[in-house]
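Shown next: upload-v2.txt, given as compact mmCIF, C-alpha atoms and all ligand atoms.
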# COMPACT_ATOMS: atom_id res chain seq x y z
CA MET A 242 55.93 21.19 167.94
CA SER A 243 53.08 22.19 170.23
CA LYS A 244 53.45 25.49 172.05
CA THR A 245 53.50 25.73 175.84
CA TYR A 246 50.91 28.03 177.37
CA TYR A 247 50.82 29.41 180.89
CA LYS A 248 48.57 31.04 183.42
CA GLY A 249 49.54 33.50 186.13
CA TYR A 250 48.44 35.44 189.16
CA TRP A 251 48.97 39.20 188.91
CA MET A 252 48.69 41.55 191.87
CA VAL A 253 47.85 44.52 189.69
CA THR A 254 48.01 46.99 192.58
CA ASN A 255 48.78 47.14 196.30
CA ARG A 256 46.15 49.81 196.78
CA CYS A 257 43.16 48.69 198.85
CA ASN A 258 40.27 50.39 200.59
CA LEU A 259 39.85 47.69 203.27
CA ARG A 260 42.18 46.73 206.13
CA CYS A 261 41.94 42.98 206.62
CA THR A 262 44.00 41.98 209.64
CA TYR A 263 45.40 38.90 207.88
CA CYS A 264 46.56 40.76 204.78
CA VAL A 265 50.12 41.52 203.75
CA LEU A 266 50.19 44.56 201.49
CA GLU A 267 53.23 46.51 200.34
CA ASN A 268 51.30 49.76 200.40
CA ALA A 269 53.71 52.33 201.84
CA PRO A 270 53.64 55.52 199.71
CA HIS A 271 56.98 54.74 198.00
CA GLN A 272 55.73 51.24 197.13
CA LEU A 273 52.49 52.56 195.65
CA LYS A 274 54.53 55.06 193.68
CA ALA A 275 56.72 52.29 192.27
CA GLU A 276 53.75 50.45 190.74
CA LEU A 277 53.52 50.23 186.97
CA ASP A 278 51.33 52.97 185.56
CA LEU A 279 48.44 52.15 183.24
CA ASN A 280 50.65 52.03 180.15
CA GLY A 281 53.13 49.81 181.96
CA LYS A 282 50.30 47.49 182.98
CA LYS A 283 49.05 47.31 179.39
CA GLU A 284 52.58 46.56 178.14
CA LEU A 285 52.92 43.81 180.73
CA VAL A 286 49.69 42.12 179.58
CA SER A 287 50.87 42.28 175.95
CA HIS A 288 54.27 40.90 176.92
CA LEU A 289 52.84 38.02 178.96
CA TYR A 290 50.55 37.14 176.08
CA HIS A 291 52.90 37.45 173.11
CA ASN A 292 56.29 36.53 174.57
CA PHE A 293 55.47 34.29 177.55
CA GLY A 294 52.48 32.45 176.05
CA PHE A 295 50.08 33.36 178.84
CA ARG A 296 46.51 32.35 178.08
CA ARG A 297 44.99 32.81 181.51
CA LEU A 298 45.56 35.69 183.89
CA THR A 299 44.16 36.24 187.36
CA LEU A 300 43.82 39.94 188.18
CA SER A 301 44.12 40.57 191.89
CA GLY A 302 45.41 43.14 194.36
CA GLY A 303 45.09 44.93 196.68
CA GLU A 304 41.78 45.83 195.17
CA VAL A 305 42.27 45.79 191.42
CA ILE A 306 39.25 47.94 190.55
CA ILE A 307 40.63 50.97 192.40
CA PHE A 308 44.12 51.33 190.96
CA GLY A 309 45.00 54.69 189.44
CA LYS A 310 43.89 58.21 190.25
CA HIS A 311 40.24 58.06 189.21
CA PRO A 312 38.85 54.63 190.01
CA PRO A 313 37.42 52.76 188.26
CA SER A 314 38.41 54.55 185.00
CA GLU A 315 41.90 53.05 184.67
CA PHE A 316 40.68 49.59 185.53
CA ILE A 317 38.06 49.93 182.79
CA GLU A 318 40.75 51.04 180.35
CA LEU A 319 42.85 48.01 181.27
CA LEU A 320 39.83 45.77 180.62
CA ARG A 321 39.41 47.37 177.19
CA HIS A 322 43.06 46.58 176.42
CA ILE A 323 42.60 42.99 177.57
CA ARG A 324 39.51 42.69 175.37
CA THR A 325 41.84 42.83 172.33
CA PHE A 326 43.30 39.47 173.43
CA ARG A 327 39.95 37.73 173.48
CA SER A 328 39.28 35.18 170.75
CA PRO A 329 36.90 32.31 169.99
CA ASP A 330 40.05 30.26 169.28
CA PRO A 331 41.16 28.71 172.63
CA SER A 332 44.83 28.80 171.59
CA LYS A 333 44.55 32.57 171.09
CA ASN A 334 42.08 33.54 173.80
CA LEU A 335 43.28 35.18 177.02
CA GLU A 336 41.06 33.97 179.87
CA ILE A 337 40.59 36.34 182.77
CA GLU A 338 39.75 35.66 186.38
CA LEU A 339 39.21 38.59 188.74
CA TYR A 340 39.65 38.57 192.52
CA THR A 341 37.86 41.47 194.18
CA ASN A 342 36.48 42.64 197.49
CA GLY A 343 33.50 43.88 195.50
CA THR A 344 33.23 47.29 197.15
CA TYR A 345 33.68 49.18 193.85
CA LEU A 346 31.92 46.66 191.66
CA ASP A 347 28.79 48.32 190.32
CA GLU A 348 26.62 48.04 187.22
CA ARG A 349 29.02 50.15 185.10
CA VAL A 350 32.09 48.06 186.01
CA ALA A 351 30.18 44.79 185.64
CA SER A 352 29.03 45.79 182.14
CA GLU A 353 32.65 46.47 181.10
CA MET A 354 33.56 43.02 182.41
CA GLU A 355 31.07 41.24 180.15
CA GLY A 356 32.89 39.38 177.40
CA VAL A 357 36.31 40.00 179.02
CA VAL A 358 36.17 38.44 182.49
CA ASP A 359 35.36 34.74 182.63
CA MET A 360 35.17 34.34 186.38
CA VAL A 361 34.91 36.63 189.40
CA ALA A 362 35.96 35.49 192.86
CA VAL A 363 34.76 37.40 195.91
CA THR A 364 36.01 36.85 199.44
CA ILE A 365 33.68 36.02 202.27
CA ASP A 366 35.16 34.70 205.51
CA GLY A 367 32.05 34.71 207.67
CA VAL A 368 28.58 36.10 208.13
CA LYS A 369 28.47 38.07 211.37
CA ASP A 370 28.99 41.82 211.17
CA SER A 371 30.97 41.82 214.44
CA PHE A 372 33.40 39.24 213.01
CA LEU A 373 33.72 41.09 209.69
CA THR A 374 34.45 44.31 211.57
CA GLU A 375 37.03 42.57 213.77
CA ILE A 376 38.95 41.23 210.75
CA GLY A 377 38.77 44.53 208.83
CA ARG A 378 36.28 43.59 206.10
CA ASN A 379 33.93 46.26 207.38
CA HIS A 380 36.13 49.30 207.09
CA ARG A 381 35.29 52.99 207.23
CA GLY A 382 32.39 53.66 204.84
CA HIS A 383 32.29 50.01 203.79
CA THR A 384 30.06 48.47 206.41
CA GLN A 385 27.78 45.44 206.13
CA TYR A 386 30.25 43.64 203.93
CA PHE A 387 28.26 40.43 203.88
CA ASP A 388 25.05 42.05 202.58
CA HIS A 389 27.06 43.95 199.99
CA ILE A 390 28.80 40.79 198.77
CA VAL A 391 25.48 38.98 198.40
CA ASN A 392 24.29 41.78 196.09
CA ILE A 393 27.55 41.72 194.13
CA CYS A 394 27.23 37.96 193.65
CA SER A 395 23.79 38.49 192.21
CA LEU A 396 25.08 41.18 189.82
CA ILE A 397 27.92 38.95 188.59
CA SER A 398 25.62 36.01 187.92
CA LYS A 399 23.10 38.23 186.12
CA LYS A 400 25.91 39.33 183.78
CA GLY A 401 26.52 35.65 182.93
CA ILE A 402 29.97 35.65 184.56
CA GLU A 403 31.02 32.58 186.54
CA LEU A 404 31.04 33.22 190.28
CA LYS A 405 33.48 31.81 192.81
CA LEU A 406 33.85 32.35 196.55
CA HIS A 407 37.08 32.60 198.49
CA SER A 408 37.60 32.29 202.24
CA VAL A 409 40.72 32.69 204.35
CA ILE A 410 40.73 30.18 207.19
CA GLY A 411 42.41 31.08 210.44
CA GLN A 412 41.92 31.03 214.18
CA LYS A 413 38.96 33.37 214.13
CA ASN A 414 36.72 31.43 211.75
CA HIS A 415 37.82 27.80 211.41
CA LEU A 416 35.27 26.67 214.00
CA LEU A 417 32.48 29.06 212.93
CA LEU A 418 32.56 28.96 209.14
CA PRO A 419 31.46 25.31 208.66
CA ASP A 420 28.18 26.28 210.34
CA GLU A 421 27.84 29.33 208.08
CA VAL A 422 28.70 28.04 204.59
CA ALA A 423 25.16 26.88 203.87
CA VAL A 424 23.76 30.20 205.16
CA ILE A 425 26.11 32.06 202.81
CA LEU A 426 25.11 29.97 199.79
CA ASP A 427 21.41 30.22 200.59
CA ALA A 428 21.63 34.03 200.87
CA ILE A 429 23.48 34.29 197.53
CA GLU A 430 21.10 31.93 195.76
CA SER A 431 18.04 33.73 197.14
CA ALA A 432 19.44 36.96 195.64
CA GLY A 433 19.89 35.27 192.24
CA GLY A 434 23.61 34.41 192.45
CA GLN A 435 24.96 31.04 191.29
CA VAL A 436 28.21 29.91 192.94
CA SER A 437 30.22 27.41 190.88
CA ALA A 438 33.29 26.99 193.08
CA TRP A 439 34.61 27.80 196.56
CA LYS A 440 38.27 27.99 197.47
CA PHE A 441 39.42 27.90 201.10
CA TYR A 442 42.93 29.19 201.88
CA GLN A 443 44.68 28.13 205.04
CA TYR A 444 46.06 31.39 206.49
CA MET A 445 49.62 31.70 205.24
CA SER A 446 52.43 32.99 207.42
CA TYR A 447 54.08 36.21 206.34
CA ASP A 448 56.78 35.88 209.00
CA ALA A 449 54.99 38.60 210.98
CA PRO A 450 54.62 37.29 214.55
CA ASP A 451 51.75 39.64 215.47
CA ARG A 452 49.66 38.56 212.50
CA ASP A 453 50.61 34.90 212.78
CA THR A 454 49.70 34.79 216.48
CA MET A 455 46.30 36.18 215.61
CA HIS A 456 45.50 34.01 212.57
CA ALA A 457 47.71 30.94 212.00
CA ILE A 458 46.14 27.51 212.49
CA ALA A 459 47.81 24.11 212.64
CA SER A 460 47.33 21.59 209.82
CA ASN A 461 45.17 19.28 211.93
CA PHE A 462 42.67 22.12 212.59
CA TYR A 463 42.61 22.89 208.87
CA LYS A 464 41.96 19.22 208.07
CA THR A 465 39.07 19.12 210.54
CA PHE A 466 37.68 22.30 209.01
CA LYS A 467 37.91 20.71 205.54
CA ALA A 468 36.07 17.56 206.62
CA ARG A 469 33.26 19.57 208.22
CA VAL A 470 32.79 21.81 205.17
CA GLU A 471 32.82 18.84 202.79
CA ARG A 472 30.10 17.22 204.88
CA VAL A 473 27.89 20.31 204.93
CA LEU A 474 28.28 21.09 201.23
CA ALA A 475 27.95 17.51 199.94
CA GLY A 476 25.37 17.47 197.15
CA ARG A 477 25.41 21.24 196.49
CA ASN A 478 27.17 20.90 193.15
CA ILE A 479 30.02 23.29 193.95
CA ARG A 480 33.67 22.60 193.19
CA LEU A 481 35.62 22.79 196.46
CA HIS A 482 39.33 23.48 196.73
CA PHE A 483 41.13 23.49 200.05
CA LYS A 484 44.50 25.18 199.57
CA ASP A 485 46.86 24.40 202.43
CA ASN A 486 50.18 26.08 203.22
CA GLN A 487 52.18 23.44 201.40
CA GLU A 488 50.30 23.98 198.13
CA MET A 489 50.43 27.75 198.58
CA ASN A 490 54.20 27.76 198.93
CA ALA A 491 54.81 25.28 196.11
CA SER A 492 52.61 27.18 193.64
CA LEU A 493 53.62 30.71 194.61
CA PHE A 494 54.54 32.87 191.64
CA ASN A 495 53.06 36.31 192.21
CA ILE A 496 53.43 38.87 189.46
CA LEU A 497 53.77 42.06 191.49
CA PRO A 498 52.43 45.57 190.85
CA TYR A 499 56.00 46.68 189.93
CA GLY A 500 56.12 44.31 186.94
CA ASN A 501 58.47 41.78 188.55
CA ALA A 502 57.54 38.45 190.15
CA GLN A 503 57.94 36.87 193.56
CA TYR A 504 58.70 33.14 193.79
CA MET A 505 59.82 30.64 196.39
CA ARG A 506 62.52 27.98 196.36
CA ALA A 507 62.07 24.73 198.30
CA ASN A 508 62.94 26.01 201.77
CA ASP A 509 61.99 29.63 201.41
CA THR A 510 59.58 31.46 203.66
CA TRP A 511 57.80 34.70 202.79
CA THR A 512 60.82 36.71 203.99
CA THR A 513 63.39 34.80 201.96
CA SER A 514 61.22 34.55 198.83
CA GLN A 515 62.96 35.68 195.63
CA ARG A 516 62.17 38.35 193.08
CA THR A 517 62.77 38.43 189.36
CA GLY A 518 63.52 41.58 187.41
CA ASP A 519 60.87 43.39 185.41
CA LEU A 520 59.18 40.60 183.44
CA ARG A 521 59.09 42.80 180.34
CA SER A 522 62.90 42.58 180.22
CA TYR A 523 62.91 38.79 179.57
CA PRO A 524 62.28 37.79 175.97
CA SER A 525 60.72 34.42 176.88
CA MET A 526 59.80 32.08 179.72
CA ALA A 527 62.86 29.98 178.81
CA GLU A 528 65.04 33.01 179.49
CA LEU A 529 63.24 33.68 182.77
CA PHE A 530 63.86 30.09 183.88
CA ALA A 531 67.49 30.26 182.77
CA ARG A 532 68.21 33.40 184.75
CA HIS A 533 66.50 32.35 188.00
CA ASP A 534 66.45 29.30 190.22
CA ILE A 535 62.78 28.62 189.57
CA ASP A 536 61.88 24.92 189.67
CA HIS A 537 60.61 24.52 186.06
CA GLU A 538 58.78 21.26 186.66
CA LEU A 539 56.98 22.60 189.71
CA TYR A 540 56.17 25.78 187.83
CA ARG A 541 54.67 23.84 184.96
CA GLN A 542 52.69 21.65 187.35
CA PHE A 543 50.83 24.69 188.68
CA HIS A 544 51.02 27.19 185.82
CA GLN A 545 50.88 25.36 182.51
CA VAL A 546 47.54 25.33 180.65
CA GLN A 547 46.56 22.93 177.89
CA ARG A 548 45.28 24.35 174.61
S1 LIG A 601 40.45 43.22 200.64
FE1 LIG A 601 42.16 41.88 200.06
S2 LIG A 601 43.84 43.26 199.57
FE2 LIG A 601 42.32 44.46 200.70
S3 LIG A 601 43.02 44.42 202.81
FE3 LIG A 601 41.55 42.73 202.51
S4 LIG A 601 42.81 40.92 201.98
FE4 LIG A 601 44.07 42.77 201.71

What would the structure in this file look like if it were written as structure tokens?
Amino acid sequence: MSKTYYKGYWMVTNRCNLRCTYCVLENAPHQLKAELDLNGKKELVSHLYHNFGFRRLTLSGGEVIIFGKHPPSEFIELLRHIRTFRSPDPSKNLEIELYTNGTYLDERVASEMEGVVDMVAVTIDGVKDSFLTEIGRNHRGHTQYFDHIVNICSLISKKGIELKLHSVIGQKNHLLLPDEVAVILDAIESAGGQVSAWKFYQYMSYDAPDRDTMHAIASNFYKTFKARVERVLAGRNIRLHFKDNQEMNASLFNILPYGNAQYMRANDTWTTSQRTGDLRSYPSMAELFARHDIDHELYRQFHQVQR
């Protein structure tokens, strides 16, 4: 009988050095303290691989590179652990995708990623410094986010790692960004970066009225945004993915920094979303499904990988 393999999205840490106004982070001191330590994180990777059949893992945050007391040392140690799950045999290999804001990604970190990380996704929501400051991407010492990201894209491509862009689409950029996507790609390509894919996320409500009032956009605006971007990027040989709120809710299964997972049932919102126990306490995915009201079919639709 063929084995079932899965992929998953892991928010490795809630720690972040930026303050994006659309972000929901559980980063109060007691929440940061409750995160798995490095050994716990390593155990979780081993457990997901051996007992849950995970063969693809997306490392995200917060900002994953800065977890621990002496960034990026612990991140590098985690990468070295993950390296032991790499294999030329696709049924044994653990593929890794990394989502980062790039601010701590330098030559040393990029070299450690070679041969471990298959794809890096960086977020860029717009070009103008004033806009990036307004949404918190320029924060404290991290100014000129756009220029920095262009350099990071170049570094990633030079290391032979696939490069992807992410953008969060809300009230502040849905009209502007279609006019900027070509500028962004041109700047990255001129610096030697090669973008293979671009994912656009419709801002998702976290049931926080202040944030929603500032960022949420209606579906028809998102559809218009999509049509404009598709027109501008036609012929540029980049895979485009427009993730709307419906897809985000249906696919949501976030492995959290505490080692448990957040999931949604059909009519849940962010506030009513459910949490599993520590994933390391379930011997198998079958047991996880049996103990929680997770829609198995939906889960497989978004999280099963073929090997
Ligand atoms: S970089 Fe990511 S995790 Fe950090 S504040 Fe911005 S959206 Fe949140």

Give me the residues of chain A that have any atom at most 6 Å from an atom of ligand LIG 601 (chain A); for each, the nearest atom pair and the distance in Å, rounded to one decimal. Use all atoms listed in the file, sort by chain and number, and format it as a tab-separated table.
residue	atom	partner	partner_atom	distance
A:Cys257	CA	A:LIG601	FE2	4.7
A:Leu259	CA	A:LIG601	S3	4.6
A:Arg260	CA	A:LIG601	S3	4.1
A:Cys261	CA	A:LIG601	FE3	4.1
A:Cys264	CA	A:LIG601	FE4	4.4
A:Gly302	CA	A:LIG601	S2	5.4
A:Gly303	CA	A:LIG601	S2	3.6
A:Glu304	CA	A:LIG601	S2	5.5
A:Asn342	CA	A:LIG601	S1	5.1

For those residues, write C-alpha atoms to a file as a CSV table (one decimal), in the frame of the given file.
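See selection_21.csv below for the written result:
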chain,number,residue,atom,x,y,z
A,257,CYS,CA,43.2,48.7,198.8
A,259,LEU,CA,39.8,47.7,203.3
A,260,ARG,CA,42.2,46.7,206.1
A,261,CYS,CA,41.9,43.0,206.6
A,264,CYS,CA,46.6,40.8,204.8
A,302,GLY,CA,45.4,43.1,194.4
A,303,GLY,CA,45.1,44.9,196.7
A,304,GLU,CA,41.8,45.8,195.2
A,342,ASN,CA,36.5,42.6,197.5

Exercise. Quick one: residues within 12 Å of Asn280 of chain A, all atoms listed in the file counted, chain neighbours fewer than 6 positions away excluded, as a VMD selection string?
Worked result: chain A and resid 286 to 287 309 315 to 316 318 to 319 322 500

Problem set entry | Using only C-alpha atoms: which of A:Arg472, A:Arg296, A:Lys405, A:His533 has the shortest distance to Ile390 of chain A |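 Among A:Arg472, A:Arg296, A:Lys405, A:His533, it is A:Lys405 that comes nearest to Ile390 of chain A.
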
Problem set entry | Polymer residues at most 7 Å from Tyr499 of chain A, all atoms listed in the file, same-chain spacing of 2 or more positions, as a ChimeraX atom specification | /A:275-277,497,501

Please produce a file of the residues just selected, as a compact mmCIF listing (two decimals), keeping the file's coordinate frame, where the atoms kept are C-alpha atoms.
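Result went into part26.txt, see below:
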# COMPACT_ATOMS: atom_id res chain seq x y z
CA ALA A 275 56.72 52.29 192.27
CA GLU A 276 53.75 50.45 190.74
CA LEU A 277 53.52 50.23 186.97
CA LEU A 497 53.77 42.06 191.49
CA ASN A 501 58.47 41.78 188.55

For this session: Between atom CA of Lys369 of chain A and atom CA of Ala475 of chain A, measure the distance and give it in Å to one decimal.
Result: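 For atom CA of Lys369 of chain A relative to atom CA of Ala475 of chain A, the distance reads 23.5 Å.
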
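Checking A:Arg516, A:Arg541, A:His482, A:Lys440 one by one against Ser408 of chain A, counting only C-alpha atoms, you find the shortest gap at A:Lys440.
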
For this session: Identify which of the residues A:Pro498, A:Gly401, A:Ala527, A:Glu430 lies closest to Lys274 of chain A, counting only C-alpha atoms when measuring atom-to-atom distances.
Result: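 Selected residue with least distance to Lys274 of chain A: A:Pro498.
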